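run.cif follows; it contains mmCIF, C-alpha atoms.
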```cif
data_my_file
loop_
_atom_site.label_atom_id
_atom_site.label_comp_id
_atom_site.auth_asym_id
_atom_site.auth_seq_id
_atom_site.Cartn_x
_atom_site.Cartn_y
_atom_site.Cartn_z
CA MET A 758 48.13 146.56 -149.10
CA ARG A 759 46.36 149.83 -148.36
CA SER A 760 46.40 152.57 -150.85
CA PRO A 761 47.79 155.96 -149.89
CA GLN A 762 44.29 157.35 -149.84
CA GLN A 763 43.07 154.72 -147.40
CA ALA A 764 46.01 155.43 -145.10
CA LEU A 765 45.15 159.10 -145.12
CA ASP A 766 41.53 158.35 -144.24
CA VAL A 767 42.52 156.17 -141.31
CA GLN A 768 44.79 158.84 -139.93
CA ALA A 769 42.05 161.43 -140.26
CA VAL A 770 39.63 159.21 -138.34
CA GLN A 771 42.19 158.63 -135.64
CA ARG A 772 42.75 162.35 -135.28
CA VAL A 773 39.02 162.96 -134.98
CA LEU A 774 38.61 160.20 -132.40
CA GLY A 775 41.51 161.51 -130.36
CA SER A 776 40.17 165.02 -130.42
CA THR A 777 36.72 163.78 -129.36
CA LEU A 778 38.14 161.79 -126.49
CA ILE A 779 40.09 164.80 -125.30
CA TRP A 780 36.98 166.99 -125.35
CA LEU A 781 34.99 164.32 -123.58
CA GLY A 782 37.66 164.06 -120.92
CA LEU A 783 37.76 167.80 -120.50
CA ALA A 784 33.97 167.90 -120.22
CA PHE A 785 33.95 165.11 -117.61
CA LEU A 786 36.70 166.85 -115.68
CA LEU A 787 34.75 170.09 -115.82
CA ILE A 788 31.61 168.36 -114.61
CA MET A 789 33.54 166.76 -111.74
CA VAL A 790 35.04 170.11 -110.80
CA LEU A 791 31.59 171.66 -110.85
CA LEU A 792 30.17 168.82 -108.78
CA LEU A 793 33.00 169.02 -106.27
CA SER A 794 32.55 172.76 -105.99
CA THR A 795 28.89 172.28 -104.98
CA ILE A 796 29.62 169.70 -102.27
CA ARG A 797 29.08 171.12 -98.79
CA ILE A 798 29.85 169.76 -95.33
CA GLY A 799 27.49 170.57 -92.47
CA THR A 800 28.22 169.93 -88.79
CA VAL A 801 25.60 169.32 -86.09
CA SER A 802 26.71 169.54 -82.43
CA GLY A 803 24.97 168.03 -79.44
CA GLU A 804 23.36 171.42 -78.69
CA GLN A 805 21.92 171.84 -82.19
CA VAL A 806 19.31 170.44 -84.55
CA GLY A 807 20.21 170.14 -88.25
CA ILE A 808 17.76 171.03 -91.05
CA LEU A 809 18.37 169.85 -94.64
CA LEU A 810 16.06 171.55 -97.16
CA ASP A 811 15.67 170.05 -100.65
CA ARG A 812 15.38 172.96 -103.08
CA MET A 813 13.79 170.86 -105.79
CA SER A 814 11.00 169.22 -103.79
CA GLY A 815 10.85 171.49 -100.75
CA GLU A 816 11.16 168.46 -98.47
CA ILE A 817 12.70 169.06 -95.04
CA HIS A 818 14.90 166.50 -93.27
CA VAL A 819 15.57 166.95 -89.55
CA ILE A 820 18.97 165.82 -88.26
CA SER A 821 18.71 165.37 -84.51
CA GLN A 822 21.93 163.40 -83.96
CA SER A 823 25.25 165.20 -83.76
CA GLY A 824 27.81 164.57 -86.50
CA VAL A 825 28.86 165.60 -90.03
CA LYS A 826 26.42 165.85 -92.96
CA ILE A 827 27.61 166.03 -96.62
CA TYR A 828 25.14 167.58 -99.09
CA ASN A 829 24.96 169.23 -102.51
CA GLY A 830 24.90 172.99 -102.18
CA LEU A 831 23.11 173.42 -105.52
CA LEU A 832 20.25 171.10 -104.64
CA SER A 833 19.94 171.55 -100.87
CA ASP A 834 20.22 174.09 -98.08
CA PHE A 835 21.53 173.20 -94.66
CA TYR A 836 20.75 175.01 -91.41
CA VAL A 837 21.34 174.42 -87.72
CA LEU A 838 19.06 175.58 -84.90
CA ASP A 839 20.20 176.14 -81.31
CA ARG A 840 18.17 173.99 -78.93
CA THR A 841 19.85 175.03 -75.67
CA LEU A 842 18.10 177.04 -72.97
CA GLN A 843 17.80 180.67 -74.02
CA SER A 844 17.27 183.76 -71.86
CA LEU A 845 15.35 186.86 -72.80
CA GLU A 846 15.58 189.82 -70.42
CA MET A 847 13.41 192.91 -70.66
CA THR A 848 14.59 195.54 -68.18
CA GLU A 849 14.66 199.26 -67.60
CA VAL A 850 18.44 199.14 -67.10
CA LYS A 851 19.96 200.44 -70.29
CA GLY A 852 22.54 198.26 -71.99
CA ARG A 853 21.70 195.23 -69.91
CA GLY A 854 18.84 193.38 -71.61
CA ASP A 855 18.30 192.23 -75.18
CA ARG A 856 17.70 195.79 -76.26
CA GLN A 857 19.93 198.75 -75.62
CA GLY A 858 17.26 201.16 -74.42
CA LYS A 859 14.68 201.00 -71.65
CA ASP A 860 12.76 197.79 -72.24
CA ASP A 861 10.74 197.04 -69.09
CA LEU A 862 7.03 196.20 -69.19
CA LYS A 863 4.40 198.76 -68.23
CA VAL A 864 1.27 197.27 -66.67
CA LYS A 865 -1.98 199.08 -65.92
CA THR A 866 -3.45 197.69 -62.68
CA MET A 867 -7.14 197.11 -62.00
CA ASP A 868 -7.33 200.33 -59.98
CA GLY A 869 -5.70 202.37 -62.75
CA SER A 870 -2.10 202.71 -61.56
CA GLY A 871 0.89 202.32 -63.83
CA VAL A 872 3.38 199.70 -62.67
CA TYR A 873 6.73 198.99 -64.29
CA VAL A 874 8.16 195.48 -64.09
CA ASP A 875 11.23 193.75 -65.47
CA LEU A 876 10.73 190.35 -67.07
CA LYS A 877 13.15 187.50 -67.54
CA VAL A 878 12.09 184.61 -69.76
CA GLN A 879 13.87 181.28 -70.22
CA TYR A 880 12.80 179.25 -73.24
CA ARG A 881 14.07 176.64 -75.67
CA LEU A 882 13.36 175.10 -79.05
CA ASP A 883 11.43 171.84 -79.11
CA PRO A 884 13.63 169.44 -81.16
CA GLU A 885 10.58 167.38 -82.10
CA MET A 886 9.08 170.42 -83.85
CA ALA A 887 12.14 171.58 -85.80
CA LYS A 888 10.14 171.54 -89.07
CA GLU A 889 7.52 173.86 -87.57
CA VAL A 890 10.26 176.17 -86.33
CA ILE A 891 11.92 176.46 -89.75
CA THR A 892 8.61 176.89 -91.60
CA THR A 893 7.17 179.51 -89.22
CA SER A 894 10.26 181.40 -88.10
CA GLY A 895 12.66 180.87 -90.99
CA PRO A 896 16.25 179.69 -90.81
CA ARG A 897 18.89 180.30 -88.17
CA ASP A 898 17.91 182.22 -84.99
CA ASN A 899 14.84 184.02 -86.24
CA TYR A 900 12.67 182.12 -83.75
CA LYS A 901 14.53 183.88 -80.94
CA LYS A 902 13.49 187.31 -82.21
CA LYS A 903 9.92 186.77 -83.28
CA TRP A 904 7.61 184.90 -80.99
CA ALA A 905 8.96 184.57 -77.44
CA ARG A 906 9.30 188.29 -76.80
CA ASP A 907 6.00 189.49 -78.25
CA TYR A 908 3.82 186.77 -76.77
CA THR A 909 5.47 186.99 -73.36
CA ARG A 910 5.04 190.75 -73.10
CA ALA A 911 1.42 190.73 -74.25
CA ILE A 912 0.21 187.82 -72.11
CA CYS A 913 2.13 188.85 -68.96
CA ARG A 914 0.70 192.36 -69.30
CA ASN A 915 -2.83 190.92 -69.38
CA TYR A 916 -2.45 188.66 -66.36
CA LEU A 917 -0.49 191.11 -64.22
CA GLY A 918 -3.08 193.76 -65.06
CA GLU A 919 -5.62 191.71 -63.09
CA LEU A 920 -3.84 192.67 -59.85
CA THR A 921 -4.46 195.76 -57.78
CA THR A 922 -1.67 198.18 -57.06
CA GLU A 923 -1.31 196.93 -53.50
CA ALA A 924 -1.31 193.30 -54.63
CA PHE A 925 1.80 193.97 -56.70
CA TYR A 926 3.78 194.14 -53.47
CA ASP A 927 2.75 190.56 -52.65
CA SER A 928 5.24 188.35 -54.48
CA SER A 929 3.08 185.25 -54.06
CA LYS A 930 0.21 186.89 -55.94
CA ARG A 931 2.54 188.07 -58.71
CA ASP A 932 4.04 184.59 -59.04
CA ALA A 933 0.57 183.04 -59.23
CA LYS A 934 -0.29 185.30 -62.16
CA LEU A 935 3.01 184.49 -63.87
CA VAL A 936 2.26 180.76 -63.61
CA LEU A 937 -1.04 181.33 -65.40
CA ALA A 938 0.68 183.51 -67.98
CA LYS A 939 3.35 180.87 -68.61
CA THR A 940 0.68 178.24 -69.25
CA GLU A 941 -1.07 180.41 -71.85
CA ILE A 942 2.22 181.47 -73.48
CA ASN A 943 3.18 177.82 -74.00
CA GLU A 944 -0.22 177.12 -75.54
CA ARG A 945 0.26 180.02 -77.95
CA LEU A 946 3.90 179.21 -78.81
CA HIS A 947 3.46 175.47 -79.21
CA PRO A 948 2.62 175.72 -82.97
CA PHE A 949 5.92 177.56 -83.45
CA GLY A 950 7.98 174.86 -81.71
CA ILE A 951 8.96 177.03 -78.75
CA ARG A 952 8.55 176.03 -75.08
CA ILE A 953 8.78 178.50 -72.17
CA ASP A 954 10.49 177.08 -69.09
CA ARG A 955 10.35 180.03 -66.73
CA VAL A 956 8.97 183.57 -66.44
CA VAL A 957 10.09 185.68 -63.48
CA ILE A 958 10.17 189.28 -62.30
CA PRO A 959 13.84 189.69 -61.24
CA ARG A 960 13.48 193.16 -59.71
CA ARG A 961 10.89 194.74 -57.46
CA PRO A 962 8.13 196.48 -59.42
CA HIS A 963 8.06 200.25 -59.12
CA PHE A 964 5.43 202.97 -59.56
CA TYR A 965 5.41 206.68 -60.16
CA LYS A 966 7.52 208.52 -57.60
CA GLU A 967 4.54 210.15 -55.89
CA TYR A 968 2.75 206.87 -55.64
CA GLU A 969 5.93 205.17 -54.43
CA ASP A 970 6.09 207.69 -51.56
CA MET A 971 2.45 207.01 -50.68
CA ILE A 972 3.05 203.27 -50.77
CA LYS A 973 6.11 203.63 -48.53
CA LYS A 974 4.15 205.68 -46.01
CA LYS A 975 1.34 203.16 -46.05
CA LYS A 976 3.76 200.30 -45.66
CA LEU A 977 5.41 202.08 -42.71
CA ALA A 978 2.00 202.53 -41.13
CA ASP A 979 1.11 198.92 -41.85
CA GLN A 980 4.43 197.85 -40.39
CA ALA A 981 3.73 199.84 -37.23
CA VAL A 982 0.32 198.19 -36.99
CA LEU A 983 1.93 194.79 -37.50
CA GLU A 984 4.49 195.58 -34.80
CA GLU A 985 1.74 196.47 -32.36
CA GLN A 986 -0.15 193.36 -33.35
CA SER A 987 3.02 191.36 -32.85
CA LYS A 988 3.48 192.89 -29.41
CA ALA A 989 -0.12 192.11 -28.52
CA LEU A 990 0.30 188.61 -29.84
CA ALA A 991 3.54 188.20 -27.89
CA ALA A 992 1.82 189.44 -24.72
CA LYS A 993 -1.06 187.05 -25.30
CA GLN A 994 1.34 184.20 -25.94
CA LYS A 995 3.23 185.11 -22.77
CA GLN A 996 -0.06 185.14 -20.89
CA GLN A 997 -0.91 181.74 -22.32
CA THR A 998 2.56 180.53 -21.37
CA LEU A 999 2.14 181.77 -17.79
CA ILE A 1000 -1.30 180.17 -17.60
CA VAL A 1001 0.13 176.90 -18.85
CA GLN A 1002 3.04 177.13 -16.38
CA GLU A 1003 0.76 177.88 -13.44
CA THR A 1004 -1.64 175.17 -14.55
CA ASN A 1005 1.27 172.75 -14.72
CA ARG A 1006 2.43 173.80 -11.26
CA LYS A 1007 -1.10 173.36 -9.92
CA ASN A 1008 -1.39 169.96 -11.58
CA VAL A 1009 2.00 168.94 -10.20
CA ALA A 1010 1.02 170.13 -6.70
CA VAL A 1011 -2.33 168.32 -6.93
CA GLU A 1012 -0.62 165.15 -8.13
CA GLU A 1013 1.97 165.43 -5.36
CA PHE A 1014 -0.82 165.93 -2.78
CA LYS A 1015 -2.75 162.99 -4.22
CA GLY A 1016 0.42 160.93 -4.12
CA GLU A 1017 1.05 161.95 -0.51
CA MET A 1018 -2.54 161.10 0.40
CA ARG A 1019 -2.27 157.75 -1.36
CA ARG A 1020 0.99 157.11 0.47
CA LYS A 1021 -0.62 158.00 3.82
CA VAL A 1022 -3.64 155.84 3.05
CA ILE A 1023 -1.35 152.95 2.16
CA THR A 1024 0.71 153.55 5.34
CA THR A 1025 -2.43 153.79 7.48
CA GLN A 1026 -3.85 150.66 5.89
CA ALA A 1027 -0.56 148.86 6.51
CA GLU A 1028 -0.47 150.04 10.14
CA ALA A 1029 -4.11 149.05 10.60
CA GLU A 1030 -3.36 145.67 9.08
CA ARG A 1031 -0.39 145.26 11.42
CA ALA A 1032 -2.53 146.31 14.42
CA LYS A 1033 -5.23 143.91 13.32
CA LYS A 1034 -2.70 141.11 12.98
CA ALA A 1035 -1.22 142.02 16.38
CA ALA A 1036 -4.71 142.12 17.97
CA GLU A 1037 -5.59 138.79 16.41
CA ALA A 1038 -2.29 137.35 17.66
CA TYR A 1039 -2.88 138.83 21.14
CA TYR A 1040 -6.45 137.55 21.16
CA GLU A 1041 -5.29 134.14 20.12
CA GLN A 1042 -2.46 134.20 22.66
CA THR A 1043 -4.76 135.49 25.41
CA THR A 1044 -7.42 132.94 24.52
CA ILE A 1045 -4.89 130.15 24.63
CA ALA A 1046 -3.43 131.48 27.93
CA ALA A 1047 -6.91 131.89 29.43
CA GLY A 1048 -7.81 128.40 28.37
CA ALA A 1049 -4.60 127.09 29.90
CA HIS A 1050 -5.22 129.10 33.11
CA LEU A 1051 -8.81 127.89 33.24
CA TYR A 1052 -7.63 124.37 32.75
CA GLU A 1053 -5.02 124.88 35.46
CA LYS A 1054 -7.59 126.40 37.88
CA LYS A 1055 -10.00 123.66 37.04
CA LYS A 1056 -7.43 121.04 37.83
CA SER A 1057 -6.42 122.93 40.99
CA ALA A 1058 -10.07 123.20 42.04
CA GLU A 1059 -10.52 119.51 41.37
CA ALA A 1060 -7.39 118.80 43.45
CA THR A 1061 -8.61 121.15 46.23
CA LEU A 1062 -12.03 119.54 46.09
CA ALA A 1063 -10.47 116.11 46.33
CA ARG A 1064 -8.22 117.21 49.19
CA LYS A 1065 -11.03 118.97 51.07
CA SER A 1066 -13.26 115.99 50.49
CA ALA A 1067 -10.57 113.77 51.95
CA GLU A 1068 -10.13 116.13 54.91
CA ALA A 1069 -13.87 116.25 55.47
CA GLU A 1070 -14.01 112.49 55.39
CA GLY A 1071 -11.11 112.39 57.94
CA ILE A 1072 -12.85 114.89 60.19
CA MET A 1073 -16.04 112.92 59.93
CA ALA A 1074 -14.14 109.79 60.78
CA LEU A 1075 -12.44 111.55 63.70
CA ASN A 1076 -15.72 112.97 64.88
CA LYS A 1077 -17.18 109.55 64.76
CA ALA A 1078 -14.22 108.19 66.61
CA LEU A 1079 -14.54 110.84 69.36
CA GLU A 1080 -18.13 110.03 70.10
CA GLY A 1081 -18.49 107.91 73.26
CA GLU A 1082 -15.66 106.87 75.57
CA GLY A 1083 -12.94 107.53 73.15
CA GLY A 1084 -13.83 111.21 73.08
CA ASN A 1085 -13.82 111.56 76.82
CA HIS A 1086 -10.46 109.92 77.06
CA MET A 1087 -9.04 112.37 74.54
CA VAL A 1088 -10.42 115.39 76.48
CA MET A 1089 -8.96 114.11 79.67
CA MET A 1090 -5.61 113.57 78.04
CA GLU A 1091 -5.60 117.11 76.63
CA TYR A 1092 -6.59 118.49 80.00
CA ALA A 1093 -3.75 116.65 81.63
CA LYS A 1094 -1.31 118.07 79.11
CA ARG A 1095 -2.43 121.60 79.82
CA ILE A 1096 -2.24 121.18 83.57
CA ALA A 1097 1.24 119.79 83.23
CA ALA A 1098 2.20 122.83 81.29
CA MET A 1099 0.81 125.24 83.87
CA LYS A 1100 3.37 127.24 85.99
CA ILE A 1101 2.42 128.60 89.40
CA THR A 1102 4.42 131.68 90.65
CA GLY A 1103 4.06 134.46 93.29
CA LYS A 1104 2.61 134.42 96.73
CA PRO A 1105 0.78 131.42 98.02
CA PHE A 1106 -2.37 133.27 98.04
CA THR A 1107 -1.89 134.75 94.64
CA VAL A 1108 -2.76 132.80 91.57
CA GLN A 1109 -1.93 133.92 88.00
CA SER A 1110 -4.85 135.70 86.53
CA GLN A 1111 -5.51 133.35 83.64
CA ILE A 1112 -8.69 131.56 83.15
CA GLU A 1113 -8.77 128.40 81.14
CA ARG A 1114 -11.95 127.20 79.71
CA PHE A 1115 -12.68 123.82 78.36
CA GLU A 1116 -15.66 123.06 76.31
CA HIS A 1117 -16.70 119.79 74.92
CA LEU A 1118 -19.22 119.74 72.18
CA LYS A 1119 -20.74 116.89 70.43
CA GLY A 1120 -18.83 116.38 67.31
CA ALA A 1121 -15.47 117.95 66.61
CA ALA A 1122 -13.65 119.39 69.65
CA SER A 1123 -12.62 123.03 69.68
CA THR A 1124 -10.63 125.14 72.10
CA GLY A 1125 -10.50 128.82 72.74
CA ARG A 1126 -8.50 131.21 74.79
CA GLU A 1127 -9.71 134.47 76.26
#
```
The structure given in the file should be rewritten as structure tokens.
Amino acid sequence: MRSPQQALDVQAVQRVLGSTLIWLGLAFLLIMVLLLSTIRIGTVSGEQVGILLDRMSGEIHVISQSGVKIYNGLLSDFYVLDRTLQSLEMTEVKGRGDRQGKDDLKVKTMDGSGVYVDLKVQYRLDPEMAKEVITTSGPRDNYKKKWARDYTRAICRNYLGELTTEAFYDSSKRDAKLVLAKTEINERLHPFGIRIDRVVIPRRPHFYKEYEDMIKKKKLADQAVLEEQSKALAAKQKQQTLIVQETNRKNVAVEEFKGEMRRKVITTQAEAERAKKAAEAYYEQTTIAAGAHLYEKKKSAEATLARKSAEAEGIMALNKALEGEGGNHMVMMEYAKRIAAMKITGKPFTVQSQIERFEHLKGAASTGRE
């Protein structure tokens, strides 16, 4: 069994242990409360870039994806940077641009005139260079206030100052200078993580009032000259049009005449060909007819020759037969026939006044009446 003293010692130890445990629990609870009080929640949207800065080491962590980030507020700092397209307007219109007062850009031209222009700049943060932005511009939106405005004004003033006063009225020349200025601005702002997308002059540049009046008068005179040039050009174009029209008419008339001549030549050639064919047909027909007629006459002549030859042979035979006594007998017979046919009228002493003559020749007999 324990003695009373030992029991008292045990109880004392137990009380000490219990008190220690309580203090340890309170300390742990206090530490947890302190830890929980330093916990921070950061949110990164799709239009932002998160930056987590370690206070102990100075290391920077870039958070490019949107979401929630939990960090210790005692050990780290958390920032977000806007990476959307930003606009910076520098204008003479009060209360309109990024500054309340008159904020347009004054440019000294090559010929010494003062020109006032408004500028509008569109730029954005380069998410890949978020570390450079935070180290050069500081946290939050300081980059919007530091670099874009100053560099844009200085560089645009230099490039636009290379123009003459008259060239300022030519928008193409102004735009060409702004393109060059934009290229140099981006080169200068690249180390700061800023990229310029666009630099424009939204309003027409203006000069001193006296110079504005001179420019207007000159432009009116130039416009009058251009109008006269336009009229002269229109008259020349009209002249060219009339020349072309008359040339076309002439060409059409020439082509029509050539076509008519070709048609007449073709018609004449066709008619000549038809006449030639007709002449050849007539020649052939006439030749055939002449040949047939010649053949017919030849045959007729042959027939006549044969007939005449036969007649001549008959006459010769008759002549031969009449030679000698036979011929005399025939003459006497003919004489008898004629006497028998004679008719005696009138007075006994009157005889019809008609003389008959007989003639007998050697060969064929012939008679005649007078």
Handout entry: Computed interatomic separation between atom CA of A:Ala992 and atom CA of A:Arg1006 (Å)
Key = 20.6 Å
Exercise for the section: Could you tell me which residues the PyMOL selection byres ((chain A and resi 834-848) around 7) returns for this structure, as a PyMOL selection string? Expected result: chain A and resi 799+801+804-811+830+833+849-850+854-855+859-861+875-882+884+896-898
Output file for the residues above (C-alpha atoms, as an mmCIF file, in the frame of the given file):
```cif
data_model
loop_
_atom_site.group_PDB
_atom_site.id
_atom_site.type_symbol
_atom_site.label_atom_id
_atom_site.label_comp_id
_atom_site.auth_asym_id
_atom_site.auth_seq_id
_atom_site.Cartn_x
_atom_site.Cartn_y
_atom_site.Cartn_z
ATOM 1 C CA GLY A 799 27.490 170.570 -92.470
ATOM 2 C CA VAL A 801 25.600 169.320 -86.090
ATOM 3 C CA GLU A 804 23.360 171.420 -78.690
ATOM 4 C CA GLN A 805 21.920 171.840 -82.190
ATOM 5 C CA VAL A 806 19.310 170.440 -84.550
ATOM 6 C CA GLY A 807 20.210 170.140 -88.250
ATOM 7 C CA ILE A 808 17.760 171.030 -91.050
ATOM 8 C CA LEU A 809 18.370 169.850 -94.640
ATOM 9 C CA LEU A 810 16.060 171.550 -97.160
ATOM 10 C CA ASP A 811 15.670 170.050 -100.650
ATOM 11 C CA GLY A 830 24.900 172.990 -102.180
ATOM 12 C CA SER A 833 19.940 171.550 -100.870
ATOM 13 C CA GLU A 849 14.660 199.260 -67.600
ATOM 14 C CA VAL A 850 18.440 199.140 -67.100
ATOM 15 C CA GLY A 854 18.840 193.380 -71.610
ATOM 16 C CA ASP A 855 18.300 192.230 -75.180
ATOM 17 C CA LYS A 859 14.680 201.000 -71.650
ATOM 18 C CA ASP A 860 12.760 197.790 -72.240
ATOM 19 C CA ASP A 861 10.740 197.040 -69.090
ATOM 20 C CA ASP A 875 11.230 193.750 -65.470
ATOM 21 C CA LEU A 876 10.730 190.350 -67.070
ATOM 22 C CA LYS A 877 13.150 187.500 -67.540
ATOM 23 C CA VAL A 878 12.090 184.610 -69.760
ATOM 24 C CA GLN A 879 13.870 181.280 -70.220
ATOM 25 C CA TYR A 880 12.800 179.250 -73.240
ATOM 26 C CA ARG A 881 14.070 176.640 -75.670
ATOM 27 C CA LEU A 882 13.360 175.100 -79.050
ATOM 28 C CA PRO A 884 13.630 169.440 -81.160
ATOM 29 C CA PRO A 896 16.250 179.690 -90.810
ATOM 30 C CA ARG A 897 18.890 180.300 -88.170
ATOM 31 C CA ASP A 898 17.910 182.220 -84.990
#
```
Practice task
Would you please work out which residue, of A:Ile1000, A:Leu862, A:Ala905, A:Ile820, is nearest to A:Leu946 when using all atoms listed in the file?
Solution key: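 Closest to A:Leu946 of all the choices is A:Ala905.
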Practice task
Could you tell me which residues the PyMOL selection byres ((chain A and resi 919) around 12) grabs in this file, written as a ChimeraX atom specification?
Solution key: /A:864-870,912-918,920-925,930-931,933-935,937-938
Practice task
Go ahead and compute the interatomic distance for atom CA of A:Pro962 and atom CA of A:Ser929, in Å to one decimal.
Solution key: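 Distance reported for this atom pair: 13.4 Å.
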Handout entry: Distance in Å - atom CA of A:Tyr908 versus atom CA of A:Pro948
Key =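 Atom CA of A:Pro948 lies 12.7 Å from atom CA of A:Tyr908.
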Practice task
Report as a list in words the residues that result from applying the PyMOL selection byres ((chain A and resi 903) around 12) to the structure here.
Solution key: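 Selected by the PyMOL selection byres ((chain A and resi 903) around 12) in this file: Leu845, Val890, Thr893, Ser894, Gly895, Asp898, Asn899, Tyr900, Lys901, Lys902, Trp904, Ala905, Arg906, Asp907, Tyr908, Thr909, Arg910, Leu946, Phe949 and Ile951 of chain A.
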For those residues, write C-alpha atoms to a file as a compact mmCIF listing (two decimals), in the frame of the given file.
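Generated file (selection_37.txt):
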```
# COMPACT_ATOMS: atom_id res chain seq x y z
CA LEU A 845 15.35 186.86 -72.80
CA VAL A 890 10.26 176.17 -86.33
CA THR A 893 7.17 179.51 -89.22
CA SER A 894 10.26 181.40 -88.10
CA GLY A 895 12.66 180.87 -90.99
CA ASP A 898 17.91 182.22 -84.99
CA ASN A 899 14.84 184.02 -86.24
CA TYR A 900 12.67 182.12 -83.75
CA LYS A 901 14.53 183.88 -80.94
CA LYS A 902 13.49 187.31 -82.21
CA TRP A 904 7.61 184.90 -80.99
CA ALA A 905 8.96 184.57 -77.44
CA ARG A 906 9.30 188.29 -76.80
CA ASP A 907 6.00 189.49 -78.25
CA TYR A 908 3.82 186.77 -76.77
CA THR A 909 5.47 186.99 -73.36
CA ARG A 910 5.04 190.75 -73.10
CA LEU A 946 3.90 179.21 -78.81
CA PHE A 949 5.92 177.56 -83.45
CA ILE A 951 8.96 177.03 -78.75
```
